[in-house]
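K.L.:
I have a structure I would like to understand better, so I am pasting it below and will then ask my questions one at a time.
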Number of protein chains: 2
Amino acid sequence: MSEENDPIGDSEELQEQLQEIERLLARHRLVKEFTHRQNTYRRELIDDLIHRQNQNELNRKLDRMHPADVAYVLEALPLEDRLLVWDMVRSEKDGEILLEVSDAVRETLIDSMDRHELVAAAESLDTDELADLVPDLPQEVIEDVFQSLPSEEQEQLRTAMSYSEGTVGALMDFGMMTVREDVALEVVLRYLRRFDELPAHTDKIFVTDRDRVLEGVLTLESLLTNDPETEVRDVMKRDVVRFRPEDSAEEAAQAFERYDLNSSPVVDENNRIIGRITLVAVVDFIREESEAEQLANVGLREEEDIFASVWNSVRNRWAWLAINLVTAFVASRVISVFEGSIEKLVALAALMPIVAGIGGNSGNQTITMIVRAIAMGKVKFDAGKRLLKKELGVALINGVIWGGLLGVMAWFLYGSISLGIVMTGAMTLNLLLAASAGVGIPLLRLRLGGDPALGSSVMITALTDSGGFFIFLGLATLFLL
Amino acid sequence: MSEENDPIGDSEELQEQLQEIERLLARHRLVKEFTHRQNTYRRELIDDLIHRQNQNELNRKLDRMHPADVAYVLEALPLEDRLLVWDMVRSEKDGEILLEVSDAVRETLIDSMDRHELVAAAESLDTDELADLVPDLPQEVIEDVFQSLPSEEQEQLRTAMSYSEGTVGALMDFGMMTVREDVALEVVLRYLRRFDELPAHTDKIFVTDRDRVLEGVLTLESLLTNDPETEVRDVMKRDVVRFRPEDSAEEAAQAFERYDLNSSPVVDENNRIIGRITLVAVVDFIREESEAEQLANVGLREEEDIFASVWNSVRNRWAWLAINLVTAFVASRVISVFEGSIEKLVALAALMPIVAGIGGNSGNQTITMIVRAIAMGKVKFDAGKRLLKKELGVALINGVIWGGLLGVMAWFLYGSISLGIVMTGAMTLNLLLAASAGVGIPLLRLRLGGDPALGSSVMITALTDSGGFFIFLGLATLFLL
């Protein structure tokens with residue numbers, strides 16, 4: 001039942017394994033400390049023995065774990081224990097583990113390795129994996145590794161690294177099988193049997209001519225269900241979703257999802273095959289993207305190592321706080337313009353945050369809808385008018401309902417019906433402002449060629465805050481004082 | 001080069017197709033209107049001819065499109081055009097298209113179909129797909145479809161529908177091949193050749209005993225790379241990540257990602273195989289989940305049909321606005337307690353939103369980190385103390401830096417050094433409150449068994465708003481007046 005590198009699978013069990021490793025580590029530390037304190041030779045010998053036994057158990061455990069599970073354990077351990085475990089991991093797994101851990105944790109691991117270890121780890125990887133690791137490696141390690149590669153792989157590495165993040169080229173791998181269309185399936189079957197294994201996640205074989213121009217694909221399914229005498233050309237699929245390396249990874253991901261693809265060829269401008277993109281790579285991309293989005297929503301630059309120093313966390317978070325500080329400061333200056341009015345009618349100070357806050361909430365709802373619709377390709381710039389009309393309608397209804405409710409409350413609390421009316425009016429106007437900005441900001445950014453998602457939430461909140469204060473205090477100054 | 005149901009792949013081209021269809025629809029409407037206005041028999045005949053030609057072109061176009069692409073077109077068209085196109089789509093694609101469109105659009109399509117059409121559409125689907133559609137179908141259609149199924153599929157449908165959303169059971173399909181371990185690969189190859197096609201996304205065959213107990217898997221890779229004389233038992237993998245139907249889909253998705261799986265068996269408590277989960281299903285789940293999360297972040301109950309009525313949108317968004325209104329109202333009441341202080345020192349009104357706002361931003365950063373770490377299984381309840389210490393450290397540094405900066409500004413703007421000191425103090429305290437709540441809220445909800453993500457942002461914002469106002473105005477009242 002026990003093979004090497006068993007995936008643990010179950011997350012409960014993974015937790016248990018982690019606790020077991022933490023227990024072993026604690027014993028390990030205890031024994032070590034004890035050894036330091038005692039000085040008699042004999043005592044030391046015994047302790048050393050216990051120590052070794054303990055370490056052996058840890059080693060055995062780690063040896064049997066899947067690299068992804070080791071990565072999980074490393075991420076969950078504080079720095080000191082992490083490096084202890086990292087030293088015990090068998091070096092042939094180093095490369096894969098480095099690929100699996102988060103950027104912040106990878107940095108701590110690479111820092112602890114010498115040049116020789118890093119080169120060995122890097123050399124154990126496929127070229128497309130290596131390309132992902134290279135940006136984090138010291139320059140001299142990169143040179144060593146590059147020199148050690150056969151020239152074909154040097155070429156692949158150069159190709160893989162030439163495409164920027166977010167393109168198909170960056171997700172592409174080179175593990176593809178190709179055959180000619182004029183051979184019988186029988187021949188393909190014999191050809192495959194000469195390999196010990198196929199490239200990971202092979203579900204189809206690419207059919208090319210002698211210039212590597214893609215002519216179609218032979219799925220393993222048709223290879224297995226058709227008569228071995230049949231020729232490849234009679235069962236291959238000619239209509240194939242294919243990508244260019246410079247295509248957007250996000251669009252490729254949407255195509256994979258839409259057409260339920262498992263792998264697709266990547267071709268150059270002459271339709272020559274240069275690589276392959278697999279659903280497994282697409283899944284990694286989707287996850288990373290959705291994580292990056294979650295983090296970006298609250299202005300976090302990257303996933304934090306939860307054991308990172310306080311200082312690292314401060315750095316990761318400061319930019320967004322600074323931007324928000326500026327927008328809050330602007331809103332504060334808007335209020336200060338009306339200090340005279342607030343002095344005369346102090347109820348305004350208590351009511352104004354409601355107007356600003358609900359405007360922000362409503363605007364964020366609108367902008368989220370629109371940004372999503374744009375990302376799915378369902379909205380182009382010219383749809384703006386129709387969407388604006390609808391959002392203004394929603395804002396008007398909400399203004400009348402919620403604004404009306406708040407107006408009645410303000411009237412009730414402060415005994416002034418005109419204050420209530422101003423409240424309702426300001427609320428409605430701020431919701432209309434939120435709706436216009438919620439439609440306008442992302443569409444304008446789309447037109448200007450930017451990413452409509454990035455920072456849209458901060459922009460609309462800034463606008464509805466300052467706008468809300470201005471509208472409410474302005475109306476109050478005009479009609480109440 | 002042209003097969004039926006070609007996926008279009010490229011999103012540019014998809015856009016062009018959409019525009020072409022819109023153009024054809026416009027002509028279709030024009031001719032129709034024209035026909036209505038003219039009365040002479042001959043005129044009508046000609047128009048009818050143009051009309052038909054136009055419609056034929058549309059039909060041809062739609063016939064050649066992949067169901068996912070038709071779904072895309074339907075979602076991008078206003079209701080009237082959408083139903084026009086829907087009528088033209090060949091009925092054998094109806095089922096698949098219904099699966100592809102968003103919930104809101106699906107509703108509009110189902111409303112336009114009669115019982116007979118719905119039954120036909122449903123019958124064209126696999127049982128696991130049917131299970132996804134059933135909740136949206138009228139009761140009598142469900143009964144008709146159920147009666148028409150062979151008893152094995154009735155059983156599968158019942159199984160598939162018995163698992164709630166978010167479980168492996170809900171993602172599972174029944175398209176699996178099984179073989180015995182004591183046959184030669186040769187035999188397996190011959191067995192496969194008897195099929196016209198394999199279940200979609202087959203990358204491995206399940207090895208079971210006569211009671212359907214899972215003994216291992218035979219990957220197509222080992223089937224293809226090993227000698228046909230070999231027996232299945234000699235090349236099958238016995239260590240297999242397997243799931244139970246009641247397992248969490250989120251955890252299964254993490255395992256698929258961690259171990260780069262393409263498909264996995266689903267077994268019952270006796271290790272008997274009951275289904276299979278594929279990476280393609282997992283990808284759909286990941287996307288849907290990340291979308292649901294984005295929407296939930298701003299309190300949207302579901303993806304809106306962008307052509308939905310204003311009223312539907314109001315309903316989709318109202319709950320969150322209502323909750324935020326309540327929290328804003330509470331904050332407003334906190335302020336009103338200090339109306340006397342504000343009257344005496346009106347600068348407080350201008351400065352208080354800064355304290356509240358930055359606290360909310362910082363708290364949301366903390367809570368996002370913690371919720372993510374919990375979701376990845378990296379944080380359990382007992383890690384709370386350590387995390388709290390770190391977050392308080394970050395808050396203290398931020399309080400000193402940003403609070404100090406704001407203090408200096410307040411001093412400069414209002415000429416009062418004590419106002420500046422109160423500002424710095426309030427800012428620091430509110431950041432400490434935000435940090436405690438950012439760690440405490442999700443961990444407490446985890447302990448209480450809730451979903452730590454849900455509504456956490458609203459809760460922390462409510463706390464830092466009311467808390468920020470209270471701290472700042474309270475300190476000012478104590479020390480400045």
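We label chains A, B, ... in the order they appear in the structure tokens, count residues from 1 in each chain, and number ligands from 1 in the order shown.
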Using only C-alpha atoms, select each residue of chain B with any atom at most 6 Å away from an atom of chain A, and give the selection as a short mmCIF file (atom, residue, chain, number, x, y, z; two decimals) with C-alpha atoms, in the first residue's frame.
P.N.:
```cif
data_model
loop_
_atom_site.label_atom_id
_atom_site.label_comp_id
_atom_site.auth_asym_id
_atom_site.auth_seq_id
_atom_site.Cartn_x
_atom_site.Cartn_y
_atom_site.Cartn_z
CA GLY B 9 -12.06 29.89 -28.99
CA ALA B 68 -21.15 27.31 -24.90
CA ALA B 76 -25.34 39.15 -24.31
CA LEU B 192 -12.03 -0.29 -25.08
CA ARG B 193 -12.13 -0.79 -28.84
CA PHE B 195 -16.79 1.51 -27.57
CA THR B 225 3.36 2.46 -22.40
CA ASN B 226 3.38 -1.10 -21.05
CA VAL B 241 -6.47 9.92 -3.85
CA ALA B 255 -6.41 18.30 -3.41
CA ARG B 258 -2.12 20.22 -4.86
CA VAL B 298 -20.61 43.47 -1.95
CA VAL B 310 -34.53 47.38 -12.59
CA VAL B 314 -33.17 46.13 -6.60
CA ALA B 328 -24.40 53.28 9.58
CA SER B 332 -24.61 57.88 13.59
CA ILE B 335 -21.76 60.42 17.01
CA SER B 336 -24.97 62.00 18.29
CA GLU B 343 -20.71 71.95 18.80
CA ALA B 349 -16.69 66.59 12.68
CA ALA B 350 -14.20 67.01 9.86
CA LEU B 351 -11.56 64.75 11.35
CA ILE B 354 -10.59 59.75 8.78
CA GLN B 365 -6.66 43.87 5.31
CA LYS B 378 -3.07 26.99 7.60
CA LYS B 390 1.66 40.10 15.10
CA VAL B 394 1.47 45.97 12.63
#
```
K.L.:
So that I can check the surroundings of range 136-145 of chain B, please list as a PDB file with N, CA, C and O atoms, in the first residue's frame every protein, DNA and RNA residue that reaches within 8 Å of it, counting only C-alpha atoms and ignoring chain neighbours fewer than 4 positions away.
P.N.:
```pdb
ATOM      1  N   GLU B 107     -33.457  31.075 -16.352  1.00  0.00           N
ATOM      2  CA  GLU B 107     -34.850  31.273 -15.979  1.00  0.00           C
ATOM      3  C   GLU B 107     -35.666  31.856 -17.142  1.00  0.00           C
ATOM      4  O   GLU B 107     -36.750  31.368 -17.438  1.00  0.00           O
ATOM      5  N   ILE B 110     -36.159  29.055 -19.792  1.00  0.00           N
ATOM      6  CA  ILE B 110     -37.082  27.985 -19.391  1.00  0.00           C
ATOM      7  C   ILE B 110     -38.524  28.496 -19.416  1.00  0.00           C
ATOM      8  O   ILE B 110     -39.439  27.787 -19.824  1.00  0.00           O
ATOM      9  N   ARG B 115     -43.768  22.299 -21.994  1.00  0.00           N
ATOM     10  CA  ARG B 115     -43.429  21.072 -21.294  1.00  0.00           C
ATOM     11  C   ARG B 115     -42.687  20.084 -22.187  1.00  0.00           C
ATOM     12  O   ARG B 115     -41.671  19.517 -21.809  1.00  0.00           O
ATOM     13  N   LEU B 118     -39.105  21.131 -22.870  1.00  0.00           N
ATOM     14  CA  LEU B 118     -38.263  20.984 -21.690  1.00  0.00           C
ATOM     15  C   LEU B 118     -37.899  19.523 -21.453  1.00  0.00           C
ATOM     16  O   LEU B 118     -36.755  19.195 -21.141  1.00  0.00           O
ATOM     17  N   VAL B 119     -38.879  18.644 -21.620  1.00  0.00           N
ATOM     18  CA  VAL B 119     -38.610  17.220 -21.417  1.00  0.00           C
ATOM     19  C   VAL B 119     -37.561  16.746 -22.420  1.00  0.00           C
ATOM     20  O   VAL B 119     -36.595  16.063 -22.062  1.00  0.00           O
ATOM     21  N   ALA B 122     -34.132  18.047 -21.418  1.00  0.00           N
ATOM     22  CA  ALA B 122     -33.611  17.366 -20.235  1.00  0.00           C
ATOM     23  C   ALA B 122     -33.137  15.954 -20.585  1.00  0.00           C
ATOM     24  O   ALA B 122     -32.110  15.489 -20.087  1.00  0.00           O
ATOM     25  N   GLU B 123     -33.885  15.305 -21.469  1.00  0.00           N
ATOM     26  CA  GLU B 123     -33.532  13.926 -21.793  1.00  0.00           C
ATOM     27  C   GLU B 123     -32.221  13.799 -22.562  1.00  0.00           C
ATOM     28  O   GLU B 123     -31.631  12.729 -22.625  1.00  0.00           O
ATOM     29  N   LEU B 149     -36.447   7.680 -17.806  1.00  0.00           N
ATOM     30  CA  LEU B 149     -35.088   7.166 -17.624  1.00  0.00           C
ATOM     31  C   LEU B 149     -35.084   5.667 -17.337  1.00  0.00           C
ATOM     32  O   LEU B 149     -35.978   5.165 -16.667  1.00  0.00           O
TER      33      LEU B 149
END
```
K.L.:
Can you work out the spacing between CA of Val235 in chain A and CA of Asp182 in chain A in Å, to one decimal?
P.N.:
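Pair CA of Val235 in chain A / CA of Asp182 in chain A returns 11.1 Å.
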K.L.:
Kindly give the distance, in Å, that separates CA of Leu480 in chain A and CA of Leu419 in chain A, rounded to a single decimal.
P.N.:
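Going from CA of Leu480 in chain A over to CA of Leu419 in chain A covers 7.1 Å.
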K.L.:
To test your reading of the structure, identify every residue in range 132-302 of chain A that backbone DSSP assigns to strand (DSSP E), and report it as a ChimeraX atom specification.
P.N.:
/A:178-179,204-208,214-219,263-267,273-278
K.L.:
I need the chosen residues saved as a compact mmCIF listing (two decimals), in the first residue's frame, with C-alpha atoms.
P.N.:
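To be explicit, this is the file written out as result-v7.txt:
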```
# COMPACT_ATOMS: atom_id res chain seq x y z
CA THR A 178 3.74 14.50 -32.07
CA VAL A 179 2.98 12.03 -34.89
CA LYS A 204 -3.95 13.91 -26.97
CA ILE A 205 -1.13 13.60 -29.44
CA PHE A 206 -0.45 16.42 -31.87
CA VAL A 207 -0.47 15.60 -35.56
CA THR A 208 2.06 17.68 -37.50
CA LEU A 214 -0.10 21.50 -36.66
CA GLU A 215 -2.61 19.55 -38.75
CA GLY A 216 -4.84 18.18 -36.02
CA VAL A 217 -4.94 16.19 -32.84
CA LEU A 218 -5.29 12.51 -32.11
CA THR A 219 -7.00 12.04 -28.77
CA SER A 263 -5.06 20.39 -23.13
CA SER A 264 -4.49 22.56 -26.17
CA PRO A 265 -1.64 23.13 -28.60
CA VAL A 266 0.24 26.43 -28.64
CA VAL A 267 1.40 27.45 -32.11
CA ILE A 273 3.60 23.80 -32.75
CA ILE A 274 5.81 25.23 -30.02
CA GLY A 275 4.21 23.94 -26.85
CA ARG A 276 1.13 22.87 -25.04
CA ILE A 277 -1.11 24.27 -22.35
CA THR A 278 -2.82 21.88 -19.92
```
